[in-house]
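Structure data follow from entry25.txt (compact mmCIF, C-alpha atoms):
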# COMPACT_ATOMS: atom_id res chain seq x y z
CA MET A 1 168.23 52.89 -209.49
CA ILE A 2 168.02 49.78 -211.70
CA LYS A 3 167.91 47.60 -208.58
CA ASN A 4 165.02 49.66 -207.26
CA GLN A 5 163.11 49.25 -210.51
CA ILE A 6 163.65 45.49 -210.49
CA TYR A 7 162.48 45.33 -206.88
CA TRP A 8 159.21 47.11 -207.62
CA ILE A 9 158.58 45.11 -210.77
CA MET A 10 159.04 41.86 -208.83
CA LEU A 11 156.78 43.18 -206.08
CA PHE A 12 154.07 44.08 -208.58
CA LEU A 13 154.28 40.72 -210.36
CA LEU A 14 154.01 38.87 -207.08
CA GLY A 15 150.94 40.93 -206.26
CA CYS A 16 149.38 40.09 -209.61
CA ILE A 17 150.08 36.40 -209.10
CA SER A 18 148.41 36.49 -205.69
CA CYS A 19 145.36 38.11 -207.32
CA ALA A 20 145.13 35.71 -210.24
CA ASP A 21 145.78 32.45 -208.39
CA ASP A 22 142.54 30.95 -207.10
CA ASP A 23 144.36 29.39 -204.16
CA ASN A 24 145.77 32.72 -203.04
CA VAL A 25 142.79 35.01 -203.54
CA GLY A 26 141.46 35.68 -200.06
CA ASN A 27 144.69 34.70 -198.34
CA ILE A 28 145.58 37.63 -196.08
CA ASP A 29 149.02 36.16 -195.32
CA SER A 30 150.15 38.09 -198.42
CA PHE A 31 149.50 41.34 -196.57
CA GLY A 32 153.02 41.12 -195.17
CA MET A 33 154.56 41.83 -198.59
CA LEU A 34 152.82 45.19 -198.99
CA ARG A 35 154.56 48.57 -198.85
CA PHE A 36 151.93 49.83 -196.43
CA GLU A 37 150.68 48.74 -193.06
CA PHE A 38 147.44 46.90 -193.78
CA PRO A 39 144.75 47.23 -192.67
CA GLN A 40 145.35 50.86 -191.84
CA GLY A 41 143.01 51.10 -188.87
CA SER A 42 140.38 49.36 -186.81
CA ASN A 43 137.32 51.33 -187.92
CA SER A 44 134.24 49.70 -189.44
CA TRP A 45 135.37 50.72 -192.91
CA ASP A 46 138.76 49.12 -192.35
CA LYS A 47 136.96 45.80 -191.93
CA GLU A 48 135.22 46.38 -195.25
CA ILE A 49 138.51 47.28 -196.89
CA GLU A 50 140.12 44.14 -195.49
CA GLN A 51 137.30 42.02 -196.89
CA ILE A 52 137.73 43.66 -200.31
CA ALA A 53 141.41 42.67 -200.21
CA LYS A 54 140.46 39.08 -199.42
CA ASP A 55 137.79 38.89 -202.12
CA TRP A 56 139.34 40.96 -204.88
CA GLY A 57 143.10 41.11 -204.24
CA MET A 58 142.98 44.92 -204.28
CA TYR A 59 144.35 46.83 -201.30
CA ILE A 60 142.67 50.15 -200.56
CA ILE A 61 145.13 52.63 -199.04
CA TYR A 62 144.19 56.01 -197.59
CA LYS A 63 146.99 56.78 -195.10
CA ASP A 64 150.65 57.65 -195.55
CA VAL A 65 150.44 58.08 -199.33
CA ASP A 66 153.16 60.53 -200.33
CA SER A 67 154.78 61.87 -203.49
CA THR A 68 157.07 58.83 -203.68
CA ASP A 69 154.05 56.57 -204.03
CA LEU A 70 152.17 58.85 -206.41
CA ASN A 71 155.10 59.33 -208.78
CA ARG A 72 156.09 55.69 -209.12
CA THR A 73 155.64 54.88 -212.82
CA TRP A 74 156.57 52.16 -215.30
CA THR A 75 159.27 54.34 -216.86
CA GLU A 76 161.75 56.67 -215.17
CA SER A 77 161.57 60.28 -216.37
CA PHE A 78 164.06 63.02 -215.63
CA GLY A 79 162.56 66.07 -217.33
CA THR A 80 162.34 69.19 -215.19
CA THR A 81 158.84 69.95 -216.53
CA ASN A 82 157.43 66.52 -215.66
CA PRO A 83 154.49 66.50 -213.24
CA ARG A 84 155.27 65.90 -209.57
CA TYR A 85 152.13 64.66 -207.89
CA VAL A 86 151.14 65.31 -204.30
CA CYS A 87 147.94 64.76 -202.32
CA ASN A 88 146.24 65.32 -198.97
CA GLU A 89 144.90 62.68 -196.61
CA PRO A 90 141.10 62.31 -196.57
CA SER A 91 139.02 62.67 -193.42
CA ASN A 92 137.08 59.78 -191.91
CA GLU A 93 133.93 61.10 -193.58
CA ASP A 94 135.67 61.39 -196.93
CA ILE A 95 136.92 57.80 -196.76
CA GLN A 96 133.39 56.52 -196.37
CA VAL A 97 132.25 58.54 -199.41
CA TYR A 98 135.08 57.12 -201.51
CA LEU A 99 134.48 53.60 -200.29
CA GLY A 100 130.79 53.77 -201.13
CA LEU A 101 131.60 54.84 -204.70
CA VAL A 102 134.19 52.07 -205.09
CA LYS A 103 131.86 49.36 -203.84
CA GLU A 104 128.87 50.44 -205.90
CA TRP A 105 130.39 51.56 -209.19
CA LEU A 106 133.73 49.73 -209.49
CA LEU A 107 133.32 46.42 -207.68
CA GLY A 108 129.58 46.43 -208.24
CA SER A 109 130.16 46.20 -211.99
CA LEU A 110 132.58 43.26 -211.76
CA ASP A 111 132.39 39.57 -210.83
CA LYS A 112 134.92 38.47 -208.21
CA THR A 113 134.74 34.87 -209.48
CA ASN A 114 135.82 35.99 -212.98
CA LYS A 115 139.61 35.98 -213.43
CA GLU A 116 139.40 38.47 -216.30
CA HIS A 117 137.56 40.89 -214.05
CA LEU A 118 140.13 40.49 -211.28
CA LYS A 119 142.91 41.26 -213.74
CA GLN A 120 141.37 44.67 -214.41
CA LEU A 121 141.98 45.80 -210.83
CA PRO A 122 145.22 47.30 -209.51
CA LEU A 123 147.25 46.00 -206.59
CA TYR A 124 146.65 49.29 -204.76
CA LEU A 125 143.80 51.76 -204.89
CA TYR A 126 144.73 55.05 -203.22
CA LEU A 127 141.90 57.14 -201.80
CA VAL A 128 143.30 60.66 -201.47
CA ASN A 129 142.16 64.26 -201.57
CA ASP A 130 143.50 66.99 -203.84
CA TYR A 131 145.67 64.74 -206.04
CA ARG A 132 147.46 67.37 -208.14
CA ASP A 133 150.59 68.29 -210.03
CA ASN A 134 152.86 70.34 -207.72
CA ASN A 135 155.66 71.11 -210.16
CA PRO A 136 155.61 74.89 -210.86
CA VAL A 137 157.27 74.46 -214.27
CA SER A 138 154.98 71.64 -215.41
CA PRO A 139 152.29 72.50 -217.97
CA THR A 140 149.72 70.81 -215.69
CA TYR A 141 150.79 72.65 -212.52
CA LYS A 142 148.03 72.63 -209.87
CA LYS A 143 145.77 70.55 -212.12
CA HIS A 144 143.62 68.16 -210.13
CA VAL A 145 143.46 64.50 -211.24
CA GLN A 146 140.25 62.73 -210.29
CA LEU A 147 141.18 59.23 -211.41
CA ASN A 148 144.56 57.90 -212.43
CA THR A 149 144.63 54.33 -213.73
CA ALA A 150 148.14 54.47 -215.19
CA GLY A 151 150.27 54.15 -212.03
CA PHE A 152 153.01 51.56 -211.69
CA ASP A 153 151.05 49.30 -209.33
CA TYR A 154 148.18 51.54 -208.34
CA TRP A 155 145.13 53.54 -209.26
CA SER A 156 144.23 56.69 -207.38
CA LEU A 157 140.80 58.17 -206.78
CA SER A 158 140.59 61.78 -205.68
CA PHE A 159 138.19 64.64 -205.25
CA THR A 160 139.15 68.06 -203.99
CA SER A 161 138.46 68.80 -200.35
CA GLU A 162 136.12 71.58 -201.46
CA GLU A 163 134.10 69.18 -203.65
CA LEU A 164 133.74 66.71 -200.80
CA GLU A 165 132.79 69.40 -198.33
CA ALA A 166 130.13 70.78 -200.68
CA GLU A 167 128.90 67.21 -201.45
CA LEU A 168 129.49 65.52 -204.77
CA THR A 169 127.12 66.46 -207.56
CA PRO A 170 125.20 63.91 -209.67
CA LYS A 171 127.38 64.87 -212.64
CA MET A 172 130.58 64.07 -210.70
CA ILE A 173 129.21 60.74 -209.53
CA HIS A 174 127.94 59.87 -213.01
CA SER A 175 131.31 60.61 -214.59
CA LEU A 176 133.12 58.42 -212.07
CA ALA A 177 130.54 55.62 -212.25
CA CYS A 178 130.83 55.42 -216.04
CA THR A 179 134.63 55.64 -215.94
CA PHE A 180 134.73 52.78 -213.45
CA SER A 181 132.17 50.55 -215.15
CA TYR A 182 132.38 51.01 -218.92
CA PRO A 183 135.91 49.61 -219.46
CA GLY A 184 134.81 46.27 -217.99
CA ILE A 185 131.72 46.20 -220.22
CA LYS A 186 133.79 47.04 -223.29
CA THR A 187 136.39 44.42 -222.43
CA GLY A 188 133.63 41.84 -222.17
CA PHE A 189 132.71 42.45 -225.81
CA THR A 190 136.19 42.87 -227.25
CA SER A 191 137.38 39.68 -225.51
CA GLY A 192 134.44 37.68 -226.84
CA GLU A 193 132.93 37.01 -223.41
CA TYR A 194 129.88 39.12 -224.32
CA LYS A 195 128.06 38.96 -227.65
CA VAL A 196 126.04 41.54 -229.58
CA ALA A 197 122.31 41.00 -229.17
CA PRO A 198 120.72 38.77 -231.82
CA GLY A 199 118.82 40.85 -234.37
CA PHE A 200 120.75 44.05 -233.70
CA GLU A 201 122.79 43.80 -236.91
CA ASP A 202 119.63 43.52 -239.01
CA MET A 203 118.29 46.85 -237.79
CA SER A 204 120.65 49.07 -239.85
CA ASN A 205 122.59 49.02 -243.11
CA TYR A 206 126.28 48.87 -242.15
CA GLU A 207 127.63 48.60 -245.70
CA ASP A 208 126.53 51.66 -247.68
CA LYS A 209 128.13 55.03 -247.01
CA ILE A 210 126.20 57.45 -244.84
CA GLY A 211 125.63 61.18 -245.06
CA ILE A 212 126.49 63.56 -242.26
CA ARG A 213 123.09 65.24 -242.07
CA TYR A 214 120.37 66.44 -244.36
CA VAL A 215 119.92 70.20 -244.05
CA SER A 216 117.04 72.03 -245.65
CA LEU A 217 117.48 75.33 -247.48
CA GLU A 218 115.69 77.07 -244.62
CA GLU A 219 118.06 75.59 -241.99
CA PHE A 220 121.09 76.48 -244.10
CA TRP A 221 119.90 80.01 -244.80
CA ALA A 222 119.23 80.59 -241.09
CA GLN A 223 122.98 80.39 -240.49
CA TYR A 224 123.51 83.37 -242.83
CA PRO A 225 120.51 85.68 -242.31
CA TYR A 226 122.31 88.55 -244.05
CA TRP A 227 122.14 86.73 -247.42
CA ASN A 228 119.30 87.28 -249.82
CA GLU A 229 117.41 84.25 -251.12
CA VAL A 230 119.37 84.03 -254.38
CA THR A 231 122.75 84.02 -252.62
CA ALA A 232 121.54 81.53 -250.02
CA ARG A 233 120.25 79.14 -252.69
CA GLU A 234 123.43 79.38 -254.78
CA ASN A 235 125.60 78.51 -251.79
CA TYR A 236 123.14 75.84 -250.68
CA ASP A 237 123.31 74.18 -254.08
CA MET A 238 127.12 74.27 -254.17
CA GLY A 239 127.76 73.49 -250.49
CA LEU A 240 130.92 75.58 -250.48
CA ARG A 241 130.91 76.86 -246.91
CA PRO A 242 133.63 74.94 -245.01
CA GLY A 243 132.80 74.26 -241.40
CA SER A 244 129.18 75.30 -241.84
CA MET A 245 125.93 73.38 -242.12
CA THR A 246 126.59 72.31 -245.69
CA PRO A 247 123.62 70.47 -247.23
CA GLU A 248 123.77 66.70 -247.54
CA LYS A 249 122.94 65.68 -251.11
CA ASP A 250 121.58 62.24 -250.14
CA PRO A 251 118.98 62.84 -247.42
CA GLU A 252 117.83 59.20 -247.41
CA ASN A 253 121.32 58.13 -246.42
CA ALA A 254 121.88 60.66 -243.62
CA PHE A 255 122.97 58.83 -240.50
CA LEU A 256 120.00 59.70 -238.26
CA ARG A 257 117.62 58.61 -241.00
CA ARG A 258 119.50 55.32 -241.25
CA GLY A 259 118.95 54.64 -237.56
CA PHE A 260 122.41 55.54 -236.27
CA ALA A 261 122.43 57.54 -233.04
CA PRO A 262 124.98 60.35 -232.59
CA GLN A 263 128.29 59.26 -231.13
CA VAL A 264 128.86 59.28 -227.40
CA SER A 265 132.54 59.48 -226.47
CA GLU A 266 134.12 57.11 -223.95
CA SER A 267 134.29 60.06 -221.58
CA PHE A 268 130.48 60.12 -221.85
CA THR A 269 129.90 63.38 -223.63
CA LEU A 270 127.86 63.73 -226.80
CA VAL A 271 130.14 64.26 -229.80
CA THR A 272 129.10 67.43 -231.61
CA THR A 273 131.72 67.51 -234.40
CA ASN A 274 129.85 66.97 -237.67
CA TYR A 275 126.68 66.51 -235.63
CA GLY A 276 127.97 63.33 -234.02
CA THR A 277 128.19 61.36 -237.24
CA PRO A 278 129.60 57.86 -236.52
CA THR A 279 133.26 57.92 -237.55
CA TRP A 280 133.36 54.11 -237.65
CA MET A 281 131.11 54.15 -240.75
CA PRO A 282 132.20 55.22 -244.25
CA TRP A 283 130.84 58.64 -245.15
CA ILE A 284 129.60 59.92 -248.48
CA VAL A 285 132.41 61.85 -250.13
CA LYS A 286 131.72 65.57 -250.34
CA GLU A 287 131.63 67.02 -253.85
CA ILE A 288 132.61 70.65 -254.39
CA ARG A 289 131.55 72.19 -257.67
CA PHE A 290 132.96 75.41 -259.05
CA PRO A 291 131.34 76.68 -262.28
CA GLY A 292 133.48 75.71 -265.27
CA SER A 293 135.83 73.52 -263.18
CA PRO A 294 136.06 69.76 -262.58
CA VAL A 295 134.25 68.38 -259.55
CA ILE A 296 136.49 68.26 -256.45
CA THR A 297 135.91 65.38 -254.05
CA GLN A 298 136.81 65.68 -250.40
CA GLU A 299 136.90 62.84 -247.87
CA MET A 300 135.17 64.25 -244.81
CA ASN A 301 135.45 61.41 -242.27
CA PRO A 302 138.37 62.20 -239.90
CA ASP A 303 138.75 58.47 -239.10
CA TYR A 304 138.44 57.34 -242.71
CA ALA A 305 141.70 55.39 -242.68
CA SER A 306 140.66 53.37 -239.62
CA ILE A 307 137.09 52.47 -240.62
CA PRO A 308 136.66 48.75 -239.90
CA GLU A 309 136.42 46.67 -243.06
CA ARG A 310 134.38 43.89 -241.51
CA ILE A 311 130.70 44.60 -240.99
CA SER A 312 130.75 42.73 -237.67
CA GLU A 313 133.22 45.26 -236.26
CA ARG A 314 131.00 48.18 -237.27
CA VAL A 315 128.03 46.43 -235.65
CA LEU A 316 130.00 46.02 -232.41
CA LEU A 317 131.02 49.69 -232.39
CA ASP A 318 127.41 50.71 -232.96
CA PHE A 319 126.26 48.39 -230.15
CA LEU A 320 128.85 49.83 -227.74
CA ASN A 321 127.80 53.34 -228.70
CA MET A 322 124.18 52.46 -227.89
CA ILE A 323 125.33 51.17 -224.49
CA ARG A 324 127.07 54.51 -223.82
CA LEU A 325 123.97 56.36 -225.03
CA ALA A 326 121.85 54.40 -222.54
CA MET A 327 124.34 55.13 -219.77
CA LEU A 328 124.09 58.85 -220.55
CA TYR A 329 120.38 59.37 -221.29
CA SER A 330 117.19 57.98 -219.76
CA LYS A 331 114.48 56.34 -221.84
CA GLU A 332 112.37 59.47 -221.51
CA LYS A 333 115.21 61.62 -222.82
CA ILE A 334 115.80 59.25 -225.75
CA ARG A 335 112.13 59.49 -226.72
CA GLU A 336 112.43 63.27 -226.53
CA MET A 337 115.63 63.43 -228.61
CA PHE A 338 114.31 61.02 -231.25
CA PRO A 339 110.51 61.50 -231.27
CA LEU A 340 108.53 58.62 -232.67
CA ASP A 341 105.94 61.03 -234.09
CA ALA A 342 108.41 63.16 -236.09
CA GLU A 343 106.65 64.87 -238.98
CA GLU A 344 109.16 64.01 -241.71
CA SER A 345 108.75 60.36 -242.78
CA LEU A 346 112.48 59.58 -243.20
CA GLU A 347 113.26 61.06 -239.79
CA ARG A 348 110.38 59.15 -238.22
CA LYS A 349 111.69 55.90 -239.68
CA GLY A 350 115.25 56.55 -238.46
CA TYR A 351 114.12 57.61 -235.00
CA GLN A 352 112.05 54.44 -234.69
CA ILE A 353 115.17 52.38 -235.38
CA ILE A 354 117.21 54.32 -232.82
CA ASN A 355 114.50 53.82 -230.19
CA ASP A 356 114.21 50.13 -231.06
CA LYS A 357 117.98 49.74 -230.74
CA TYR A 358 117.94 51.48 -227.38
CA ASP A 359 115.15 49.24 -226.07
CA LEU A 360 116.87 46.10 -227.36
CA VAL A 361 120.26 47.00 -225.86
CA VAL A 362 118.82 47.89 -222.46
CA GLU A 363 116.73 44.71 -222.18
CA TYR A 364 119.44 42.43 -223.61
CA MET A 365 122.19 43.68 -221.27
CA LYS A 366 119.90 43.28 -218.27
CA MET A 367 118.47 39.87 -219.15
CA THR A 368 121.65 38.32 -220.56
CA TYR A 369 124.44 39.80 -218.42
CA ASP A 370 122.51 41.29 -215.48
CA ILE A 371 123.90 44.74 -216.33
CA ASP A 372 121.44 47.58 -215.91
CA VAL A 373 122.93 50.27 -218.12
CA THR A 374 120.08 52.67 -217.33
CA ARG A 375 121.12 53.06 -213.70
CA TYR A 376 123.99 55.31 -214.79
CA ALA A 377 121.70 57.77 -216.56
CA ALA A 378 119.46 57.68 -213.49
CA ILE A 379 122.29 59.28 -211.49
CA LEU A 380 121.92 62.45 -213.54
CA ASP A 381 118.18 62.53 -212.87
CA SER A 382 118.69 62.33 -209.11
CA LYS A 383 118.40 65.49 -207.04
Would you mind giving the structure from this file in structure tokens?
Amino acid sequence: MIKNQIYWIMLFLLGCISCADDDNVGNIDSFGMLRFEFPQGSNSWDKEIEQIAKDWGMYIIYKDVDSTDLNRTWTESFGTTNPRYVCNEPSNEDIQVYLGLVKEWLLGSLDKTNKEHLKQLPLYLYLVNDYRDNNPVSPTYKKHVQLNTAGFDYWSLSFTSEELEAELTPKMIHSLACTFSYPGIKTGFTSGEYKVAPGFEDMSNYEDKIGIRYVSLEEFWAQYPYWNEVTARENYDMGLRPGSMTPEKDPENAFLRRGFAPQVSESFTLVTTNYGTPTWMPWIVKEIRFPGSPVITQEMNPDYASIPERISERVLLDFLNMIRLAMLYSKEKIREMFPLDAEESLERKGYQIINDKYDLVVEYMKMTYDIDVTRYAAILDSK
């Protein structure tokens, strides 16, 4: 077993070397070292796949992928409840759907002349249907896996046969497009290759603590319509309702009014916990007051211990969040979510900043790095 592991490690390292070495990229003589017959056919798409191997050093495999290939990992596991992955072979029509997605949303977001971009790609990319856990005693039994990027020397891309037959929805395509593209964008910033747009840091205060959200008495009372006005006001003043819309005592510092957009997760869903308050900023400590007792302070930020100390790191996290926001929502939707004509003056000021940040990020990424982040949100608007 140890010999087998050494063999596959050496094979993977050799594959990486062939991808990273400028002299070897595009040299199809290395095809002979692969585990699979390559190319796997003589169809028009096989020619495209062969060209991708030459240009990118990534070998797209869609035939003869079995459980041995799918369960090859960096570490050997022997637990009886561990997943045991299986798949089905895609049809000719399915292959062309997969290939179109790979070319547009994975390779289309990378530069084949950039070594750092090439390093992000696997040696193998499996295109398979119904990639799922087939171990009856595994907690993920029958669970479908759309994209696995943690294989020993491979990634796998999979939709169910039913999804492909019914035609992929805009939401499915958007999710995959963002999953493919965002890691490369993020790596560009964290590696120093990309820089935050000039002027972005000056648009918000990244030092002072922020409030979760300002809630009026009317909004708070609406959550408890069975209270009378006296009870509602007493609880509003004390803010003692855990998990509810407790009032923020510093409305000028609430995050939306400071020009911080709600958080968008890296799985491209809007974070709703605590109204999407940025967890990479320090929050105002909540004060709980019981009559006749000392004031109790409670740290509300779940990521308090990991808040970046340097302002530049907070700026970067805000910038990346704005990129994700632009990949999720169109300009029209942003204007709707954060109206520039909001009645309340503090809200209007904060919304203006959010809109200005959005416009700056979209234009800067396009003009500076030729990355159109709005084309991802446009997927969701397609019919």
message = Give me, as JSON, numbers by chain, all polymer residues having an atom no more than 9 Å from A:Thr81, counting all atoms listed in the file and skipping those fewer than 3 positions away in the same chain.
response = {"A": [78, 84, 135, 136, 137, 138, 139]}
- Message: List the spatial neighbours of stretch 219-223 of chain A as number ranges by chain - criterion: any atom at most 7 Å away, only C-alpha atoms, same-chain residues fewer than 3 positions off excluded.
- Response: A: 215-216, 232, 236, 245
I'd like a table as a tab-separated table: residues in stretch 116-228 of chain A with an atom no more than 12 Å from stretch 48-65 of chain A, each row giving the shortest atom pair and its distance in Å to one decimal, only C-alpha atoms counted, sorted by chain and rising residue number.
residue	atom	partner	partner_atom	distance
A:Glu116	CA	A:Trp56	CA	11.7
A:His117	CA	A:Trp56	CA	9.3
A:Leu118	CA	A:Trp56	CA	6.5
A:Lys119	CA	A:Gly57	CA	9.5
A:Gln120	CA	A:Met58	CA	10.3
A:Leu121	CA	A:Met58	CA	6.7
A:Pro122	CA	A:Met58	CA	6.2
A:Leu123	CA	A:Met58	CA	5.0
A:Tyr124	CA	A:Tyr59	CA	4.8
A:Leu125	CA	A:Ile60	CA	4.8
A:Tyr126	CA	A:Ile61	CA	4.8
A:Leu127	CA	A:Tyr62	CA	4.9
A:Val128	CA	A:Tyr62	CA	6.1
A:Asn129	CA	A:Tyr62	CA	9.4
A:Tyr131	CA	A:Val65	CA	10.6
A:Asp153	CA	A:Met58	CA	10.5
A:Tyr154	CA	A:Tyr59	CA	9.3
A:Trp155	CA	A:Ile60	CA	9.7
A:Ser156	CA	A:Ile61	CA	9.3
A:Leu157	CA	A:Tyr62	CA	10.0
A:Ser158	CA	A:Tyr62	CA	10.6
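Close contacts of A:Gln298, defined as residues with an atom at most 7 Å away when counting all atoms listed in the file, with chain neighbours fewer than 3 positions off set aside, comprise Val285, Lys286 and Glu287 of chain A.
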Can you write out the residues you just picked, keeping C-alpha atoms, as a PDB file, in the coordinates of the input?
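So the final result, stored in result-v3.pdb, reads:
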ATOM      1  CA  VAL A 285     132.410  61.850-250.130  1.00  0.00           C
ATOM      2  CA  LYS A 286     131.720  65.570-250.340  1.00  0.00           C
ATOM      3  CA  GLU A 287     131.630  67.020-253.850  1.00  0.00           C
TER       4      GLU A 287
END
Between A:Pro308, A:Gly188, A:Pro339, A:Gly211, smallest distance to A:Trp283 by all atoms listed in the file belongs to A:Gly211
A straight line from atom CA of A:Asn274 to atom CA of A:Arg258 spans 16.0 Å
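Nearest to A:Tyr85 of all the residues A:Asn43, A:Asn114, A:Thr374, A:Asn148 is A:Asn148, counting all atoms listed in the file.
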